[in-house]
Amino acid sequence: MAGIFILFILFLAFYSAFRSAAQSEKLSDWVAHTQEVLGAIAQARLNRASLKNELWGYRATHHPGFQGQFQEDRRRLDDGMKLLQKLTADNPSQQRHLAELTTAISNYEVVLENAMQRTSPEGAAGSGRTAESLIDGPLDAEISLLVESLESDERTLLASRSQAVSVSARQTRRVILLAGLLSFAILIVADLLIRGEIMTREKIEEDLHEQIRARQKAEYVIRRLNEELEDRVRLRTAELQEINGELKAFTYSVSHDLRAPLRHMEGFSRLLQKDHADKLSTDGRHYVDRIQSAATHMSSLVEGLLHLSRIGRQVPERNAISLHALTEDVRAELTEESEGRLIDWKISPLPEVDGDPLLVRQVLFNLVSNSVKFTSKQDRALIEIGSKEENGETVIYVRDNGAGFDPSYAEKLFGVFQRLHRQDEFEGTEIGLAIVQRIIHKHGGRVWAESRPGDGATFYFTLPSQTRNAPPPEMLIGVTT
């Protein structure tokens with residue numbers, strides 16, 4: 001921007017100097033033109049005097065050569081008048097004077113020519129006084145006055161134009177001097193700017209080199225950290241592989257070594273109860289029932305742990321899922337299992353999500369079955385399933401009017417074997433919510449719960465959205481089973 005401004009100032013200065021020089025040249029041309037007009041006037045004056053001289057010479061000598069010279073001078077005088085008219089074509093005042101002068105000169109030429117024709121040797125003495133009165137009479141005086149007036153006007157114009165030339169020359173010199181000074185000042189400023197730019201670039205280059213050095217140092221540190229991280233990852237990977245190996249061994253042990261004794265305990269206790277019930281006392285039968293119930297519960301716990309372990313190792317298969325269809329399927333299954341109960345289902349339109357259909361169905365089944373279980377003491381249960389947009393993500397919720405829980409223990413809900421109610425109030429393995437949390441985390445979502453004792457509970461979870469459009473609204477309100 002500064003460079004453009006400097007170029008503009010230089011252009012303005014040199015344009016002013018060029019314009020002043022052109023104006024001076026134009027004024028000089030006008031001065032030369034005026035001098036040419038004055039020269040033409042002087043030549044006309046000289047030609048008029050020559051005519052008079054030729055007439056007097058002829059009168060004195062009667063030599064025919066003076067007649068020829070008279071005609072030549074007359075032609076020159078007429079040409080001179082035409083030249084004056086051409087030179088003063090731009091000056092109306094001079095044109096008027098020239099018109100009068102041309103007329104007077106034409107009349108004067110006629111008078112001179114007549115005087116020459118009347119001149120003879122016999123009448124020379126008698127006609128001399130008459131010719132003299134005509135040649136040097138009022139017409140001659142008028143011509144002289146007009147010539148002097150024309151010459152005076154031209155000299156005045158010459159003086160004016162000469163002064164204008166002088167003024168223009170002085171102005172041109174000033175403009176050229178000012179342009180030179182301005183150019184010199186601009187060169188100084190440009191030099192300072194260039195020096196400043198060079199210093200700035202040097203500083204930038206120095207800063208850039210410093211940044212490059214800092215970046216190289218940071219890259220070196222990052223490489224070192226990456227190497228350390230890779231070492232740690234390899235170490236942790238080895239540890240995880242070892243843990244997974246132990247977990248597989250434990251799972252194998254649970255599947256074979258632990259489940260077999262449990263099946264024996266449950267089977268023999270049933271046989272004892274069936275075949276020898278009449279030989280057992282009341283306390284004995286009660287003890288057998290307790291053994292059978294504990295074995296069954298232990299088998300459920302083992303199955304839950306195995307299921308949780310399998311989910312931990314399973315990689316979700318990403319597909320488009322209709323939550324609405326999965327929810328209807330879960331509702332239908334649980335309705336059959338809870339036959340005889342009064343349950344109001346309120347299922348709002350649910351969006352499509354991205355995830356593993358089997359695992360997401362497991363989440364819905366665990367949460368909804370939880371609501372069915374904890375509303376079992378209600379005369380009329382209400383289970384609500386819906387979704388909402390919150391902070392740019394889709395949140396799915398399952399709400400009920402069941403027993404609820406103390407919100408201060410909400411963080412313990414999703415742990416393994418964490419129970420907030422007594423076993424004799426609500427049965428369960430305390431693993432279902434842990435499975436829910438693990439599945440949701442594998443899908444990159446979140447899960448949490450809100451409740452107050454006696455006011456029911458609401459469980460929330462998020463999943464990646466497949467589309468923002470929900471399925472066609474098929475509101476199911478007040479479906480009673």
# chains A, B, ... in the order shown; residues from 1 in each chain; ligands from 1
call {"tool": "residues_around", "arguments": {"residues": "Thr394 of chain A", "least_positions_apart": "4", "cutoff": "10 Å", "atoms": "only C-alpha atoms", "output": "list in words"}}
result
Leu350, Pro351, Val353, Ser387, Lys388, Glu389, Glu390, Phe461, Thr462, Leu463, Pro464, Ser465 and Arg468 of chain A
call {"tool": "write_last_selection", "arguments": {"atoms": "all heavy atoms", "output": "short mmCIF file (atom, residue, chain, number, x, y, z; two decimals), in the first residue's frame"}}
result
data_model
loop_
_atom_site.label_atom_id
_atom_site.label_comp_id
_atom_site.auth_asym_id
_atom_site.auth_seq_id
_atom_site.Cartn_x
_atom_site.Cartn_y
_atom_site.Cartn_z
N LEU A 350 -39.13 -43.42 18.39
CA LEU A 350 -37.69 -43.51 18.70
C LEU A 350 -36.88 -43.41 17.41
O LEU A 350 -37.32 -43.87 16.35
CB LEU A 350 -37.38 -44.83 19.42
CG LEU A 350 -38.06 -45.00 20.78
CD1 LEU A 350 -37.84 -46.42 21.29
CD2 LEU A 350 -37.53 -43.97 21.77
N PRO A 351 -35.68 -42.85 17.48
CA PRO A 351 -34.87 -42.66 16.26
C PRO A 351 -34.14 -43.94 15.86
O PRO A 351 -34.10 -44.91 16.60
CB PRO A 351 -33.87 -41.58 16.67
CG PRO A 351 -33.66 -41.84 18.13
CD PRO A 351 -35.00 -42.28 18.66
N VAL A 353 -30.52 -45.64 15.19
CA VAL A 353 -29.18 -45.44 15.72
C VAL A 353 -28.21 -46.39 15.02
O VAL A 353 -28.62 -47.27 14.26
CB VAL A 353 -29.14 -45.67 17.25
CG1 VAL A 353 -29.98 -44.62 17.96
CG2 VAL A 353 -29.61 -47.07 17.59
N SER A 387 -37.31 -40.61 23.73
CA SER A 387 -36.01 -40.00 23.41
C SER A 387 -36.15 -38.48 23.40
O SER A 387 -37.25 -37.95 23.29
CB SER A 387 -35.49 -40.50 22.05
OG SER A 387 -36.34 -40.03 21.01
N LYS A 388 -35.02 -37.80 23.46
CA LYS A 388 -34.99 -36.33 23.41
C LYS A 388 -33.62 -35.89 22.91
O LYS A 388 -32.63 -36.64 23.00
CB LYS A 388 -35.28 -35.73 24.78
CG LYS A 388 -34.27 -36.12 25.85
CD LYS A 388 -34.62 -35.49 27.19
CE LYS A 388 -33.60 -35.88 28.27
NZ LYS A 388 -33.89 -35.25 29.57
N GLU A 389 -33.58 -34.67 22.37
CA GLU A 389 -32.32 -34.07 21.94
C GLU A 389 -31.75 -33.22 23.07
O GLU A 389 -32.45 -32.40 23.65
CB GLU A 389 -32.54 -33.19 20.70
CG GLU A 389 -32.91 -33.96 19.45
CD GLU A 389 -31.76 -34.81 18.95
OE1 GLU A 389 -30.59 -34.38 19.10
OE2 GLU A 389 -32.01 -35.91 18.43
N GLU A 390 -30.48 -33.44 23.37
CA GLU A 390 -29.86 -32.71 24.47
C GLU A 390 -28.38 -32.49 24.18
O GLU A 390 -27.63 -33.44 24.01
CB GLU A 390 -30.03 -33.51 25.77
CG GLU A 390 -29.64 -32.74 27.02
CD GLU A 390 -29.96 -33.54 28.27
OE1 GLU A 390 -31.12 -33.46 28.75
OE2 GLU A 390 -29.07 -34.26 28.76
N PHE A 461 -29.51 -43.33 28.33
CA PHE A 461 -28.29 -43.74 27.62
C PHE A 461 -28.28 -43.06 26.24
O PHE A 461 -29.32 -42.65 25.72
CB PHE A 461 -28.19 -45.27 27.49
CG PHE A 461 -29.24 -45.90 26.62
CD1 PHE A 461 -29.03 -46.10 25.26
CD2 PHE A 461 -30.46 -46.30 27.17
CE1 PHE A 461 -29.99 -46.69 24.47
CE2 PHE A 461 -31.43 -46.90 26.38
CZ PHE A 461 -31.19 -47.09 25.02
N THR A 462 -27.07 -42.94 25.69
CA THR A 462 -26.90 -42.31 24.37
C THR A 462 -26.21 -43.29 23.43
O THR A 462 -25.40 -44.12 23.85
CB THR A 462 -26.04 -41.03 24.46
OG1 THR A 462 -24.72 -41.37 24.90
CG2 THR A 462 -26.64 -40.03 25.42
N LEU A 463 -26.58 -43.18 22.15
CA LEU A 463 -25.97 -43.98 21.09
C LEU A 463 -25.75 -43.09 19.87
O LEU A 463 -26.47 -42.11 19.68
CB LEU A 463 -26.87 -45.16 20.71
CG LEU A 463 -26.98 -46.31 21.70
CD1 LEU A 463 -28.05 -47.28 21.24
CD2 LEU A 463 -25.64 -47.02 21.85
N PRO A 464 -24.75 -43.41 19.00
CA PRO A 464 -24.56 -42.62 17.78
C PRO A 464 -25.80 -42.67 16.89
O PRO A 464 -26.35 -43.74 16.64
CB PRO A 464 -23.36 -43.30 17.09
CG PRO A 464 -22.67 -44.05 18.18
CD PRO A 464 -23.73 -44.47 19.14
N SER A 465 -26.25 -41.49 16.41
CA SER A 465 -27.47 -41.42 15.60
C SER A 465 -27.19 -41.86 14.19
O SER A 465 -26.19 -41.48 13.59
CB SER A 465 -28.03 -39.99 15.61
OG SER A 465 -28.42 -39.63 16.92
N ARG A 468 -31.46 -38.22 11.75
CA ARG A 468 -32.18 -37.32 12.65
C ARG A 468 -33.69 -37.56 12.58
O ARG A 468 -34.44 -37.05 13.40
CB ARG A 468 -31.88 -35.86 12.29
CG ARG A 468 -30.46 -35.45 12.64
CD ARG A 468 -30.26 -35.41 14.12
NE ARG A 468 -28.90 -35.01 14.49
CZ ARG A 468 -28.45 -35.03 15.73
NH1 ARG A 468 -29.21 -35.47 16.71
NH2 ARG A 468 -27.23 -34.64 16.00
#
call {"tool": "residues_around", "arguments": {"residues": "Glu25 of chain A", "least_positions_apart": "2", "cutoff": "12 Å", "atoms": "only C-alpha atoms", "output": "PDB file with C-alpha atoms, in the first residue's frame"}}
result
ATOM      1  CA  PHE A  18       5.311  17.792 -17.606  1.00  0.00           C
ATOM      2  CA  ARG A  19       2.161  19.926 -17.662  1.00  0.00           C
ATOM      3  CA  SER A  20       4.074  23.061 -16.650  1.00  0.00           C
ATOM      4  CA  ALA A  21       6.669  22.381 -19.353  1.00  0.00           C
ATOM      5  CA  ALA A  22       3.926  21.833 -21.940  1.00  0.00           C
ATOM      6  CA  GLN A  23       2.252  25.082 -20.892  1.00  0.00           C
ATOM      7  CA  LEU A  27       3.177  30.101 -24.373  1.00  0.00           C
ATOM      8  CA  SER A  28       6.529  30.212 -26.161  1.00  0.00           C
ATOM      9  CA  ASP A  29       4.739  29.237 -29.384  1.00  0.00           C
ATOM     10  CA  TRP A  30       2.309  32.112 -28.840  1.00  0.00           C
ATOM     11  CA  VAL A  31       5.207  34.529 -28.306  1.00  0.00           C
ATOM     12  CA  ALA A  32       6.817  33.309 -31.527  1.00  0.00           C
ATOM     13  CA  ARG A 161       2.605  36.629 -23.506  1.00  0.00           C
ATOM     14  CA  SER A 162       6.294  37.163 -22.758  1.00  0.00           C
ATOM     15  CA  ALA A 164       3.230  34.695 -19.103  1.00  0.00           C
ATOM     16  CA  VAL A 165       6.151  32.739 -20.551  1.00  0.00           C
ATOM     17  CA  SER A 166       8.413  34.107 -17.833  1.00  0.00           C
ATOM     18  CA  SER A 168       5.336  29.779 -16.582  1.00  0.00           C
ATOM     19  CA  ALA A 169       9.082  29.209 -16.804  1.00  0.00           C
ATOM     20  CA  THR A 172       8.018  25.079 -14.255  1.00  0.00           C
TER      21      THR A 172
END
call {"tool": "closest_residue", "arguments": {"among": "A:Glu210, A:Asp231, A:Asp344, A:Glu205", "to": "Ala381 of chain A", "atoms": "only C-alpha atoms"}}
result
A:Asp344
call {"tool": "closest_residue", "arguments": {"among": "A:Ala89, A:Ile383, A:Leu364, A:Ala457", "to": "Gln437 of chain A", "atoms": "only C-alpha atoms"}}
result
A:Leu364
call {"tool": "residues_around", "arguments": {"residues": "Leu112 of chain A", "least_positions_apart": "4", "cutoff": "8 Å", "atoms": "only C-alpha atoms", "output": "list in words"}}
result
Leu51, Lys52, Leu55, Tyr108, Met116 and Ile135 of chain A
call {"tool": "closest_residue", "arguments": {"among": "A:Gln67, A:Asn319, A:Thr102, A:Ser16", "to": "Gly80 of chain A", "atoms": "only C-alpha atoms"}}
result
A:Thr102
call {"tool": "closest_residue", "arguments": {"among": "A:Ile4, A:Leu225, A:Leu83, A:Leu139", "to": "Glu36 of chain A", "atoms": "only C-alpha atoms"}}
result
A:Leu83
call {"tool": "residues_around", "arguments": {"residues": "Glu333 of chain A", "least_positions_apart": "2", "cutoff": "12 Å", "atoms": "only C-alpha atoms", "output": "ChimeraX atom specification"}}
result
/A:326-331,335-339,361,364-365,368-369,372,481
call {"tool": "write_last_selection", "arguments": {"atoms": "N, CA and C atoms", "output": "PDB file, in the first residue's frame"}}
result
ATOM      1  N   LEU A 326     -37.052 -52.615  18.015  1.00  0.00           N
ATOM      2  CA  LEU A 326     -36.458 -53.399  19.105  1.00  0.00           C
ATOM      3  C   LEU A 326     -37.263 -53.243  20.389  1.00  0.00           C
ATOM      4  N   THR A 327     -37.702 -52.010  20.654  1.00  0.00           N
ATOM      5  CA  THR A 327     -38.469 -51.768  21.875  1.00  0.00           C
ATOM      6  C   THR A 327     -39.790 -52.519  21.852  1.00  0.00           C
ATOM      7  N   GLU A 328     -40.462 -52.533  20.711  1.00  0.00           N
ATOM      8  CA  GLU A 328     -41.719 -53.273  20.593  1.00  0.00           C
ATOM      9  C   GLU A 328     -41.485 -54.769  20.800  1.00  0.00           C
ATOM     10  N   ASP A 329     -40.372 -55.269  20.298  1.00  0.00           N
ATOM     11  CA  ASP A 329     -40.061 -56.684  20.458  1.00  0.00           C
ATOM     12  C   ASP A 329     -39.820 -57.024  21.928  1.00  0.00           C
ATOM     13  N   VAL A 330     -39.048 -56.154  22.616  1.00  0.00           N
ATOM     14  CA  VAL A 330     -38.783 -56.374  24.050  1.00  0.00           C
ATOM     15  C   VAL A 330     -40.078 -56.285  24.844  1.00  0.00           C
ATOM     16  N   ARG A 331     -40.918 -55.289  24.522  1.00  0.00           N
ATOM     17  CA  ARG A 331     -42.193 -55.141  25.238  1.00  0.00           C
ATOM     18  C   ARG A 331     -43.060 -56.386  25.080  1.00  0.00           C
ATOM     19  N   THR A 335     -44.170 -58.703  28.142  1.00  0.00           N
ATOM     20  CA  THR A 335     -45.612 -58.765  28.419  1.00  0.00           C
ATOM     21  C   THR A 335     -46.049 -60.207  28.662  1.00  0.00           C
ATOM     22  N   GLU A 336     -45.483 -61.113  27.899  1.00  0.00           N
ATOM     23  CA  GLU A 336     -45.807 -62.531  28.092  1.00  0.00           C
ATOM     24  C   GLU A 336     -45.309 -63.019  29.446  1.00  0.00           C
ATOM     25  N   GLU A 337     -44.106 -62.578  29.821  1.00  0.00           N
ATOM     26  CA  GLU A 337     -43.533 -63.042  31.093  1.00  0.00           C
ATOM     27  C   GLU A 337     -44.270 -62.461  32.296  1.00  0.00           C
ATOM     28  N   SER A 338     -44.876 -61.278  32.126  1.00  0.00           N
ATOM     29  CA  SER A 338     -45.564 -60.631  33.255  1.00  0.00           C
ATOM     30  C   SER A 338     -47.068 -60.723  33.100  1.00  0.00           C
ATOM     31  N   GLU A 339     -47.523 -61.817  32.547  1.00  0.00           N
ATOM     32  CA  GLU A 339     -48.955 -62.000  32.319  1.00  0.00           C
ATOM     33  C   GLU A 339     -49.699 -61.931  33.655  1.00  0.00           C
ATOM     34  N   ARG A 361     -30.325 -54.561  21.773  1.00  0.00           N
ATOM     35  CA  ARG A 361     -31.544 -55.207  22.304  1.00  0.00           C
ATOM     36  C   ARG A 361     -31.322 -55.685  23.728  1.00  0.00           C
ATOM     37  N   LEU A 364     -31.844 -52.682  25.987  1.00  0.00           N
ATOM     38  CA  LEU A 364     -33.265 -52.385  26.169  1.00  0.00           C
ATOM     39  C   LEU A 364     -33.932 -53.440  27.048  1.00  0.00           C
ATOM     40  N   PHE A 365     -33.606 -54.703  26.813  1.00  0.00           N
ATOM     41  CA  PHE A 365     -34.231 -55.773  27.600  1.00  0.00           C
ATOM     42  C   PHE A 365     -33.878 -55.638  29.079  1.00  0.00           C
ATOM     43  N   VAL A 368     -35.680 -52.390  30.532  1.00  0.00           N
ATOM     44  CA  VAL A 368     -37.137 -52.520  30.615  1.00  0.00           C
ATOM     45  C   VAL A 368     -37.518 -53.621  31.617  1.00  0.00           C
ATOM     46  N   SER A 369     -36.774 -54.740  31.598  1.00  0.00           N
ATOM     47  CA  SER A 369     -37.080 -55.798  32.577  1.00  0.00           C
ATOM     48  C   SER A 369     -36.827 -55.308  33.997  1.00  0.00           C
ATOM     49  N   VAL A 372     -39.922 -53.472  34.851  1.00  0.00           N
ATOM     50  CA  VAL A 372     -40.992 -54.431  35.134  1.00  0.00           C
ATOM     51  C   VAL A 372     -40.820 -55.025  36.533  1.00  0.00           C
ATOM     52  N   THR A 481     -51.748 -54.742  30.025  1.00  0.00           N
ATOM     53  CA  THR A 481     -51.639 -56.210  29.953  1.00  0.00           C
ATOM     54  C   THR A 481     -51.907 -56.782  31.309  1.00  0.00           C
TER      55      THR A 481
END
call {"tool": "atom_distance", "arguments": {"atom1": "atom CA of Pro138 of chain A", "atom2": "atom CA of Thr34 of chain A"}}
result
29.1 Å
